[in-house]
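Peer 1: One structure follows; several queries about it will come next.
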Amino acid sequence: MDQCVLCLRHDRPMTREHVFAHWLVIKLHASRLVPSNGPADRIGRVVTTVCADCNAGWMSSLEVSFRRILFGAPRIGVLQEPDRVALSRWFAKTAILVAHAGGAALVDAAHRAQLVGGMPDDIEVFVGRRRRPPQRLDLAVDADSVSILVDDLVGHVARAGILTSRHGTRIWPLRSHLLRWETLPVVSRTRA
């Protein structure tokens, strides 16, 4: 049996996981979009294999949280700690799966497994806004990081110490300061 890329278990049935959920591809009219830098296939067709327990369990719940945070209400006011954690986990999960779909590993296996119940120890996540992006769903992959654009929000994910403040505001590891949607820095590109 194959091993789940996230929980590392061998004893579970495997499922094909669309890295970008069908609801998100439809919402952002991204079915024909191709990443500016990443796997050569259409964004909606980027797939990898994960176990059925991860796919239908914590990953499904995380998608619901992500959808609520980004599209459930206007993005104004303070970005609360639980929402920062959910955004960090969604960007980390998606970046890990994008890298895996391209045959790479963003983080080592032991740290990937930490994502099942929280966040990996050795990952940093930065977010910023992108004004008038050429497309509303995009990704960029380089040797050390993965960047993901969803609507106008860009998440940059990498091993700790790789990224700098030019990639946005760090939301993971959590900082104690208040973070407001309106004051997220504007980044000039999706690429890492």
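Ligands are numbered from 1 in the order shown, chains are lettered A, B, ... in the order of the structure tokens, and residues start at 1 in each chain.
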I'd like the neighbourhood of Val46 in chain A as a short mmCIF file (atom, residue, chain, number, x, y, z; two decimals) with N, CA and C atoms, in the first residue's frame, where a residue qualifies if any of its atoms comes within 7 Å (using only C-alpha atoms), though same-chain residues fewer than 4 positions away should be ignored.

Peer 2:
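What follows is the written file selection_22.cif:
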```cif
data_model
loop_
_atom_site.label_atom_id
_atom_site.label_comp_id
_atom_site.auth_asym_id
_atom_site.auth_seq_id
_atom_site.Cartn_x
_atom_site.Cartn_y
_atom_site.Cartn_z
N HIS A 18 -7.70 16.44 -4.96
CA HIS A 18 -7.49 17.66 -5.74
C HIS A 18 -6.93 18.70 -4.78
N VAL A 19 -5.75 19.18 -5.04
CA VAL A 19 -5.08 20.11 -4.13
C VAL A 19 -5.94 21.35 -3.92
N ASP A 41 0.20 21.46 -15.44
CA ASP A 41 -1.21 21.20 -15.69
C ASP A 41 -2.07 22.35 -15.16
N ARG A 42 -3.34 22.32 -15.52
CA ARG A 42 -4.27 23.32 -15.01
C ARG A 42 -4.34 23.24 -13.48
N ALA A 101 2.86 16.99 -5.33
CA ALA A 101 2.33 16.73 -6.67
C ALA A 101 3.40 16.97 -7.74
#
```

Peer 1: Enumerate as number ranges by chain all residues of chain A assigned to helix (DSSP H, G or I) by DSSP on the backbone, naming them with the chain letters and numbers the document uses.

Peer 2: A: 22-27, 43-45, 52-56, 58-71, 81-101, 109-116, 165-167, 181-183

Peer 1: Determine which residues of chain A receive a DSSP assignment of strand (DSSP E or B), computed from the backbone, and state them as an NGL selection string.

Peer 2: :A and (14-18 or 37 or 47-51 or 78 or 123-129 or 137-141 or 145-150 or 153-159 or 169-172 or 180 or 186)

Peer 1: Could you check which of A:Ala143, A:Leu184, A:Ala86, A:Leu62 is closest to Ser165 in chain A, using only C-alpha atoms?

Peer 2: A:Leu184

Peer 1: Mind checking which residues fall within 7 Å of range 120-137 of chain A, counting only C-alpha atoms, ignoring those fewer than 4 positions away in the same chain, and posting them as an mmCIF file with N, CA and C atoms, in the first residue's frame?

Peer 2:
```cif
data_model
loop_
_atom_site.group_PDB
_atom_site.id
_atom_site.type_symbol
_atom_site.label_atom_id
_atom_site.label_comp_id
_atom_site.auth_asym_id
_atom_site.auth_seq_id
_atom_site.Cartn_x
_atom_site.Cartn_y
_atom_site.Cartn_z
ATOM 1 N N LEU A 28 -13.640 30.830 -8.001
ATOM 2 C CA LEU A 28 -12.680 31.764 -8.578
ATOM 3 C C LEU A 28 -12.551 31.632 -10.098
ATOM 4 N N ALA A 30 -11.538 29.255 -12.025
ATOM 5 C CA ALA A 30 -10.145 28.872 -12.279
ATOM 6 C C ALA A 30 -9.987 27.549 -13.010
ATOM 7 N N SER A 88 -3.003 29.481 8.331
ATOM 8 C CA SER A 88 -1.657 28.901 8.301
ATOM 9 C C SER A 88 -1.710 27.430 7.935
ATOM 10 N N HIS A 111 7.801 16.231 10.007
ATOM 11 C CA HIS A 111 7.143 17.521 10.186
ATOM 12 C C HIS A 111 5.821 17.591 9.430
ATOM 13 N N ARG A 112 5.724 16.940 8.271
ATOM 14 C CA ARG A 112 4.445 16.895 7.549
ATOM 15 C C ARG A 112 3.376 16.245 8.408
ATOM 16 N N GLN A 114 2.931 16.356 11.494
ATOM 17 C CA GLN A 114 2.436 17.263 12.531
ATOM 18 C C GLN A 114 1.232 18.068 12.057
ATOM 19 N N LEU A 115 1.063 18.210 10.762
ATOM 20 C CA LEU A 115 -0.036 18.993 10.205
ATOM 21 C C LEU A 115 -1.395 18.365 10.502
ATOM 22 N N LEU A 149 -1.835 32.038 -4.330
ATOM 23 C CA LEU A 149 -2.730 33.181 -4.406
ATOM 24 C C LEU A 149 -4.154 32.666 -4.432
ATOM 25 N N VAL A 150 -4.991 33.175 -3.525
ATOM 26 C CA VAL A 150 -6.415 32.866 -3.500
ATOM 27 C C VAL A 150 -7.148 34.199 -3.418
ATOM 28 N N ASP A 151 -7.881 34.528 -4.471
ATOM 29 C CA ASP A 151 -8.561 35.802 -4.595
ATOM 30 C C ASP A 151 -7.511 36.914 -4.604
ATOM 31 N N ASP A 152 -7.374 37.669 -3.528
ATOM 32 C CA ASP A 152 -6.316 38.684 -3.477
ATOM 33 C C ASP A 152 -5.343 38.418 -2.333
ATOM 34 N N LEU A 153 -5.436 37.258 -1.701
ATOM 35 C CA LEU A 153 -4.586 36.901 -0.569
ATOM 36 C C LEU A 153 -3.482 35.947 -1.032
ATOM 37 N N VAL A 154 -2.239 36.312 -0.757
ATOM 38 C CA VAL A 154 -1.097 35.477 -1.121
ATOM 39 C C VAL A 154 -0.516 34.885 0.158
ATOM 40 N N GLY A 155 -0.365 33.580 0.178
ATOM 41 C CA GLY A 155 0.296 32.888 1.276
ATOM 42 C C GLY A 155 1.624 32.326 0.802
ATOM 43 N N HIS A 156 2.690 32.616 1.532
ATOM 44 C CA HIS A 156 4.023 32.094 1.224
ATOM 45 C C HIS A 156 4.397 31.127 2.338
ATOM 46 N N VAL A 157 4.788 29.914 1.966
ATOM 47 C CA VAL A 157 5.102 28.863 2.937
ATOM 48 C C VAL A 157 6.502 28.333 2.647
ATOM 49 N N ALA A 158 7.309 28.224 3.705
ATOM 50 C CA ALA A 158 8.670 27.693 3.554
ATOM 51 C C ALA A 158 9.166 27.196 4.897
ATOM 52 N N ARG A 159 10.268 26.472 4.834
ATOM 53 C CA ARG A 159 10.936 26.077 6.080
ATOM 54 C C ARG A 159 11.357 27.340 6.828
ATOM 55 N N ALA A 160 11.418 27.263 8.119
ATOM 56 C CA ALA A 160 11.754 28.416 8.958
ATOM 57 C C ALA A 160 13.072 29.042 8.519
ATOM 58 N N HIS A 167 7.807 39.087 1.975
ATOM 59 C CA HIS A 167 6.773 38.151 1.553
ATOM 60 C C HIS A 167 5.438 38.418 2.237
ATOM 61 N N GLY A 168 5.367 39.447 3.061
ATOM 62 C CA GLY A 168 4.130 39.772 3.761
ATOM 63 C C GLY A 168 4.347 39.786 5.258
ATOM 64 N N THR A 169 3.266 39.584 5.976
ATOM 65 C CA THR A 169 3.298 39.531 7.433
ATOM 66 C C THR A 169 3.291 38.081 7.869
ATOM 67 N N ARG A 170 4.168 37.746 8.786
ATOM 68 C CA ARG A 170 4.229 36.358 9.260
ATOM 69 C C ARG A 170 3.012 36.082 10.134
ATOM 70 N N ILE A 171 2.267 35.031 9.778
ATOM 71 C CA ILE A 171 1.137 34.617 10.616
ATOM 72 C C ILE A 171 1.422 33.301 11.326
ATOM 73 N N TRP A 172 2.499 32.620 10.943
ATOM 74 C CA TRP A 172 2.921 31.417 11.669
ATOM 75 C C TRP A 172 4.431 31.358 11.670
ATOM 76 N N PRO A 173 5.062 31.096 12.792
ATOM 77 C CA PRO A 173 4.505 30.955 14.130
ATOM 78 C C PRO A 173 3.758 32.219 14.555
ATOM 79 N N LEU A 184 -2.743 44.323 6.030
ATOM 80 C CA LEU A 184 -1.840 43.342 5.442
ATOM 81 C C LEU A 184 -1.041 44.038 4.346
ATOM 82 N N PRO A 185 0.244 43.786 4.280
ATOM 83 C CA PRO A 185 1.050 44.470 3.269
ATOM 84 C C PRO A 185 0.689 44.015 1.856
ATOM 85 N N VAL A 186 0.914 44.895 0.918
ATOM 86 C CA VAL A 186 0.688 44.584 -0.490
ATOM 87 C C VAL A 186 1.991 44.003 -1.035
ATOM 88 N N VAL A 187 1.895 42.846 -1.657
ATOM 89 C CA VAL A 187 3.056 42.221 -2.276
ATOM 90 C C VAL A 187 2.921 42.397 -3.789
ATOM 91 N N SER A 188 4.042 42.485 -4.456
ATOM 92 C CA SER A 188 4.011 42.810 -5.870
ATOM 93 C C SER A 188 3.867 41.601 -6.778
ATOM 94 N N ARG A 189 4.036 40.410 -6.227
ATOM 95 C CA ARG A 189 3.951 39.224 -7.075
ATOM 96 C C ARG A 189 3.572 38.014 -6.241
#
```

Peer 1: Fewer than 2 positions away in the same chain doesn't count, so skip those; otherwise give me all residues within 7 Å of Val50 in chain A, counting only C-alpha atoms, as a PyMOL selection string.

Peer 2: chain A and resi 4-6+14-17+48+52+54-55

Peer 1: Write the selection just made, keeping N, CA and C atoms, as an mmCIF file, in the first residue's frame?

Peer 2:
```
data_model
loop_
_atom_site.group_PDB
_atom_site.id
_atom_site.type_symbol
_atom_site.label_atom_id
_atom_site.label_comp_id
_atom_site.auth_asym_id
_atom_site.auth_seq_id
_atom_site.Cartn_x
_atom_site.Cartn_y
_atom_site.Cartn_z
ATOM 1 N N CYS A 4 0.370 7.634 3.067
ATOM 2 C CA CYS A 4 -0.235 8.955 3.018
ATOM 3 C C CYS A 4 0.869 9.992 3.189
ATOM 4 N N VAL A 5 0.904 10.975 2.325
ATOM 5 C CA VAL A 5 1.942 11.995 2.368
ATOM 6 C C VAL A 5 1.834 12.856 3.625
ATOM 7 N N LEU A 6 0.649 12.906 4.250
ATOM 8 C CA LEU A 6 0.454 13.761 5.416
ATOM 9 C C LEU A 6 0.549 13.005 6.738
ATOM 10 N N MET A 14 -6.232 4.728 0.080
ATOM 11 C CA MET A 14 -5.770 5.991 -0.473
ATOM 12 C C MET A 14 -6.826 6.587 -1.402
ATOM 13 N N THR A 15 -6.874 7.904 -1.433
ATOM 14 C CA THR A 15 -7.793 8.620 -2.307
ATOM 15 C C THR A 15 -7.022 9.646 -3.122
ATOM 16 N N ARG A 16 -7.594 9.997 -4.234
ATOM 17 C CA ARG A 16 -7.016 11.054 -5.063
ATOM 18 C C ARG A 16 -7.517 12.388 -4.531
ATOM 19 N N GLU A 17 -6.601 13.272 -4.207
ATOM 20 C CA GLU A 17 -6.951 14.566 -3.634
ATOM 21 C C GLU A 17 -6.666 15.670 -4.640
ATOM 22 N N THR A 48 -2.859 14.812 -5.922
ATOM 23 C CA THR A 48 -1.903 13.946 -5.251
ATOM 24 C C THR A 48 -2.703 12.881 -4.510
ATOM 25 N N ALA A 52 -7.823 8.213 2.920
ATOM 26 C CA ALA A 52 -9.237 8.579 3.014
ATOM 27 C C ALA A 52 -9.546 9.248 4.348
ATOM 28 N N CYS A 54 -7.556 11.229 6.221
ATOM 29 C CA CYS A 54 -7.124 12.637 6.156
ATOM 30 C C CYS A 54 -8.049 13.428 5.233
ATOM 31 N N ASN A 55 -8.330 12.877 4.070
ATOM 32 C CA ASN A 55 -9.117 13.585 3.064
ATOM 33 C C ASN A 55 -10.509 13.933 3.567
#
```

Peer 1: Under the rule that only C-alpha atoms are counted, which of A:Val34, A:Ala21, A:Val146, A:Leu174 is the nearest residue to His100 in chain A?

Peer 2: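 Among A:Val34, A:Ala21, A:Val146, A:Leu174, it is A:Val146 that comes nearest to His100 in chain A.
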
Peer 1: So how far away is CA of Ala113 in chain A from CA of Glu81 in chain A, in Å?

Peer 2: 22.2 Å

Peer 1: Name all residues at most 12 Å from Asp142 in chain A (count only C-alpha atoms; drop same-chain ones fewer than 6 positions away) and give them as an MDAnalysis selection string.

Peer 2: chainID A and resid 36:39 95 98:99 102 104:106 148 156:158 162:163 190:192

Peer 1: For range 71-73 of chain A, please output as a list in words all residues within 12 Å (counting only C-alpha atoms; exclusion window: fewer than 3 positions along the same chain).

Peer 2: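 The filter keeps Trp23, Leu24, Lys27, Leu28, Glu63, Val64, Ser65, Phe66, Arg67, Arg68, Ile76, Gly77, Val150, Asp151, Asp152, Leu153 and Trp181 of chain A.
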
Peer 1: Taking only C-alpha atoms into account, name the residue in A:Ala56, A:Met119, A:Leu178, A:Ala109 that is nearest to Leu87 in chain A.

Peer 2: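 Residue with the minimum atom-to-atom distance to Leu87 in chain A: A:Met119.
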
Peer 1: Let me make sure I understand: among A:Val78, A:Leu33, A:Leu70, A:Ile43, which one has the smallest atom-to-atom distance to Arg180 in chain A if we use only C-alpha atoms?

Peer 2: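 Closest candidate: A:Val78.
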
Peer 1: Take CA of Lys93 in chain A and CA of Val116 in chain A and report the distance between them in Å, one decimal.

Peer 2: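 Value for the CA of Lys93 in chain A-CA of Val116 in chain A distance: 9.2 Å.
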